[in-house]
Each structure stands twice: as structure tokens, then as C-alpha cells.
Amino acid sequence: ILSSAVLYSSCSRKLMPEGHFQDTPVIVDGRINDWGLPLRFSNPEYSMQYAVTHDNKNFYVCVYSKYESMQMRILKAGMTIYFDPKGKKDKKMSLVFPIKKPVDPAENRNGNPIRSGDLKSEIDELLLQSDYYNTTGFLNIGSGQFGINDKKNNIQVAIRFNEDSSLVYEAAVPIS
């Protein structure tokens with residue numbers, strides 16, 4: 001009986017791979033200290049790392065990049081995270097943060113961007129402009145634009161440029 005129990009438990013499939021359940025609370029503040037580096041996944045170019053985890057209340061997403069081109073892409077064009085609860089690979093439920101910044105024609109010369117010369121100042125300005133997010137398709141939230149300090153729908157987002165020249169994006173989305 002004991003050997004059957006050991007054999008059965010060793011052959012049983014786990015419902016969730018190890019490392020997906022969040023044991024400690026995540027504070028959505030744009031700092032990497034709630035996450036262990038390196039993060040679990042990366043894009044094919046290895047210009048960003050990301051992790052997706054959850055606890056009993058929220059899904060958590062963290063994106064980390066030390067590459068200037070990826071940082072500027074995220075800050076200027078925004079990032080869309082799709083949720084697919086039915087597993088049908090549809091893109092009906094999404095969180096967009098930060099929202100894409102409008103292109104100012106005064107900032108272009110013959111189709112080329114005019115650089116301010118100080119990358120840190122440009123990043124600081126883009127971070128200041130990253131104060132809204134969009135939702136689409138979430139039940140009980142509705143689609144629309146919300147301020148990052150708006151607490152009525154319980155979505156939390158943060159983006160921050162850290163001392164180690166990394167950009168950290170965090171989001172917490174309620175499971176319910």
C-alpha cells in the first residue's frame with residue numbers, strides 16, 4: 001500500500017508549475033525588490049525580462065529592462081497585457097499601461113526626432129506622463145481610461161526608472 005501511494009503521488013501531475021504562486025505580498029511601486037532576478041521569462045532578444053504570478057487575490061506582472069531602446073519603447077508606445085481566461089487566444093481583455101504618448105510635430109525635424117541631449121530628463125518627462133492606463137473587456141470594471149491613483153477598480157500599476165538604470169513595470173490585477 002505504501003509503495004502504491006508513493007508511486008501514485010510521484011506520477012500525479014501538479015496543477016500549477018512551481019514558482020507561479022506568489023508566497024510574499026507584492027507592493028506595486030516600480031521597484032524590483034519584491035521579485036528575484038533574473039525574472040522567469042524573457043523576450044527573444046533578451047532585452048527585457050518578465051514574470052507573471054498570482055496569489056489568492058491578484059495576478060501580478062513585472063517587466064524589467066536595462067536596455068535603453070526597450071525602455072524608450074515601453075515609455076513612448078506603452079505596453080499591452082492581454083488576459084485570456086478561456087484560453088482561446090483572443091485579445092478581448094487587456095490592460096494598457098503606460099498609454100501611448102502622442103507625437104508632437106514640434107519635436108520632429110524632417111521626420112527625425114529632436115533629442116534634448118539629456119536622456120535622464122527625457123525619461124523623467126515620459127514617466128510623469130505615464131499616469132493613466134486603459135482597460136478593455138474586464139467584467140465589473142468596464143472599458144476606459146483610469147488614473148493610476150484611481151482605487152475604485154483595484155487595478156494597480158507602476159513604472160519607475162531605478163538607480164541601476166533599469167526600468168521596472170509592475171501591475172496587479174484582481175482575479176475577481
# chains A, B, ... in the order shown; residues from 1 in each chain; ligands from 1
>>> residues_around(residues="stretch 146-154 of chain A", least_positions_apart="4", cutoff="9 Å", atoms="only C-alpha atoms", output="list in words")
Ser130, Asp131, Tyr132, Tyr133, Asn134, Thr135, Asn140, Ile141, Ala158, Ala172, Val173 and Pro174 of chain A
>>> write_last_selection(atoms="N, CA, C and O atoms", output="compact mmCIF listing (two decimals), in the first residue's frame")
# COMPACT_ATOMS: atom_id res chain seq x y z
N SER A 130 3.17 59.15 -17.63
CA SER A 130 2.66 57.78 -17.50
C SER A 130 1.75 57.68 -16.29
O SER A 130 2.01 56.94 -15.35
N ASP A 131 0.65 58.42 -16.32
CA ASP A 131 -0.23 58.46 -15.16
C ASP A 131 -1.65 57.95 -15.44
O ASP A 131 -2.54 58.12 -14.63
N TYR A 132 -1.83 57.30 -16.59
CA TYR A 132 -3.13 56.72 -16.94
C TYR A 132 -2.94 55.34 -17.53
O TYR A 132 -1.88 55.02 -18.08
N TYR A 133 -3.97 54.52 -17.42
CA TYR A 133 -3.99 53.22 -18.07
C TYR A 133 -5.36 52.99 -18.66
O TYR A 133 -6.34 53.60 -18.23
N ASN A 134 -5.43 52.10 -19.65
CA ASN A 134 -6.69 51.74 -20.29
C ASN A 134 -7.02 50.28 -19.98
O ASN A 134 -6.13 49.45 -19.87
N THR A 135 -8.30 50.01 -19.85
CA THR A 135 -8.77 48.63 -19.72
C THR A 135 -9.79 48.35 -20.81
O THR A 135 -10.52 49.24 -21.23
N ASN A 140 -17.04 43.83 -14.56
CA ASN A 140 -17.24 44.70 -13.40
C ASN A 140 -16.29 45.91 -13.35
O ASN A 140 -16.26 46.60 -12.35
N ILE A 141 -15.50 46.13 -14.37
CA ILE A 141 -14.65 47.31 -14.41
C ILE A 141 -15.08 48.21 -15.55
O ILE A 141 -15.14 49.41 -15.43
N ALA A 158 2.42 50.55 -11.83
CA ALA A 158 3.52 51.46 -11.50
C ALA A 158 4.64 51.23 -12.50
O ALA A 158 4.85 50.11 -12.99
N ALA A 172 -0.83 44.82 -10.84
CA ALA A 172 -1.61 43.87 -10.06
C ALA A 172 -3.06 44.00 -10.51
O ALA A 172 -3.63 45.10 -10.49
N VAL A 173 -3.62 42.87 -10.96
CA VAL A 173 -4.99 42.87 -11.48
C VAL A 173 -5.78 41.86 -10.66
O VAL A 173 -5.37 40.71 -10.53
N PRO A 174 -6.91 42.29 -10.07
CA PRO A 174 -7.70 41.38 -9.25
C PRO A 174 -8.20 40.17 -10.03
O PRO A 174 -8.61 40.30 -11.19
>>> residues_around(residues="A:Leu167", least_positions_apart="4", cutoff="9 Å", atoms="only C-alpha atoms", output="list of chain:residue names")
A:Gly30, A:Arg31, A:Val63, A:Tyr64, A:Ser65, A:Lys66, A:Tyr67, A:Glu68, A:Gln71, A:Ile159, A:Arg160, A:Phe161, A:Asn162
>>> closest_residue(among="A:Asn58, A:Glu170, A:Gln156, A:Thr136", to="A:Tyr82", atoms="only C-alpha atoms")
A:Thr136
>>> select_by_dssp(residues="chain A", states="strand (DSSP E or B)", output="number ranges by chain")
A: 21, 41-42, 49-54, 58-65, 80-83, 93-96, 108-109, 112-113, 132-136, 144-147, 156-161, 167-174
>>> select_by_dssp(residues="chain A", states="helix (DSSP H, G or I)", output="ChimeraX atom specification")
/A:2-11,32-34,68-77,105-107,119-128
>>> residues_around(residues="A:Phe138", least_positions_apart="5", cutoff="8 Å", atoms="only C-alpha atoms", output="VMD selection string")
chain A and resid 93 to 94 143
>>> write_last_selection(atoms="C-alpha atoms", output="compact mmCIF listing (two decimals), in the first residue's frame")
# COMPACT_ATOMS: atom_id res chain seq x y z
CA MET A 93 -9.44 41.60 -22.29
CA SER A 94 -6.45 43.92 -21.94
CA SER A 143 -13.58 49.67 -20.64
>>> closest_residue(among="A:Thr24, A:Thr80, A:Ser165, A:Ala171", to="A:Lys92", atoms="only C-alpha atoms")
A:Thr80
>>> atom_distance(atom1="atom CA of A:Val28", atom2="atom CA of A:Ala51")
13.5 Å
>>> atom_distance(atom1="atom CA of A:Tyr60", atom2="atom CA of A:Lys76")
22.4 Å
>>> residues_around(residues="A:Phe41", least_positions_apart="6", cutoff="9 Å", atoms="only C-alpha atoms", output="short mmCIF file (atom, residue, chain, number, x, y, z; two decimals) with all heavy atoms, in the first residue's frame")
data_model
loop_
_atom_site.label_atom_id
_atom_site.label_comp_id
_atom_site.auth_asym_id
_atom_site.auth_seq_id
_atom_site.Cartn_x
_atom_site.Cartn_y
_atom_site.Cartn_z
N MET A 48 14.40 42.38 -22.40
CA MET A 48 13.56 42.56 -21.23
C MET A 48 13.30 41.20 -20.59
O MET A 48 13.32 40.18 -21.25
CB MET A 48 12.25 43.26 -21.55
CG MET A 48 11.25 42.43 -22.27
SD MET A 48 9.69 43.30 -22.38
CE MET A 48 8.71 42.09 -23.22
N GLN A 49 13.09 41.24 -19.29
CA GLN A 49 12.72 40.05 -18.53
C GLN A 49 11.34 40.32 -17.96
O GLN A 49 10.99 41.47 -17.70
CB GLN A 49 13.69 39.81 -17.39
CG GLN A 49 15.11 39.60 -17.80
CD GLN A 49 16.02 39.53 -16.58
OE1 GLN A 49 15.62 39.12 -15.50
NE2 GLN A 49 17.27 39.94 -16.77
N TYR A 50 10.58 39.25 -17.73
CA TYR A 50 9.26 39.44 -17.14
C TYR A 50 8.87 38.22 -16.33
O TYR A 50 9.39 37.13 -16.52
CB TYR A 50 8.20 39.79 -18.19
CG TYR A 50 7.99 38.74 -19.25
CD1 TYR A 50 6.95 37.82 -19.14
CD2 TYR A 50 8.81 38.68 -20.38
CE1 TYR A 50 6.75 36.87 -20.11
CE2 TYR A 50 8.60 37.73 -21.36
CZ TYR A 50 7.57 36.83 -21.22
OH TYR A 50 7.37 35.88 -22.19
N ALA A 51 7.94 38.45 -15.42
CA ALA A 51 7.40 37.38 -14.58
C ALA A 51 5.91 37.62 -14.42
O ALA A 51 5.45 38.76 -14.36
CB ALA A 51 8.08 37.35 -13.23
N VAL A 52 5.16 36.52 -14.35
CA VAL A 52 3.72 36.56 -14.11
C VAL A 52 3.47 35.58 -12.98
O VAL A 52 3.91 34.45 -13.02
CB VAL A 52 2.92 36.15 -15.36
CG1 VAL A 52 1.43 36.17 -15.07
CG2 VAL A 52 3.26 37.04 -16.54
#
>>> atom_distance(atom1="atom CA of A:Met72", atom2="atom CA of A:Phe97")
13.5 Å
>>> closest_residue(among="A:Lys101, A:Glu122, A:Gln145, A:Thr53", to="A:Arg40", atoms="only C-alpha atoms")
A:Thr53
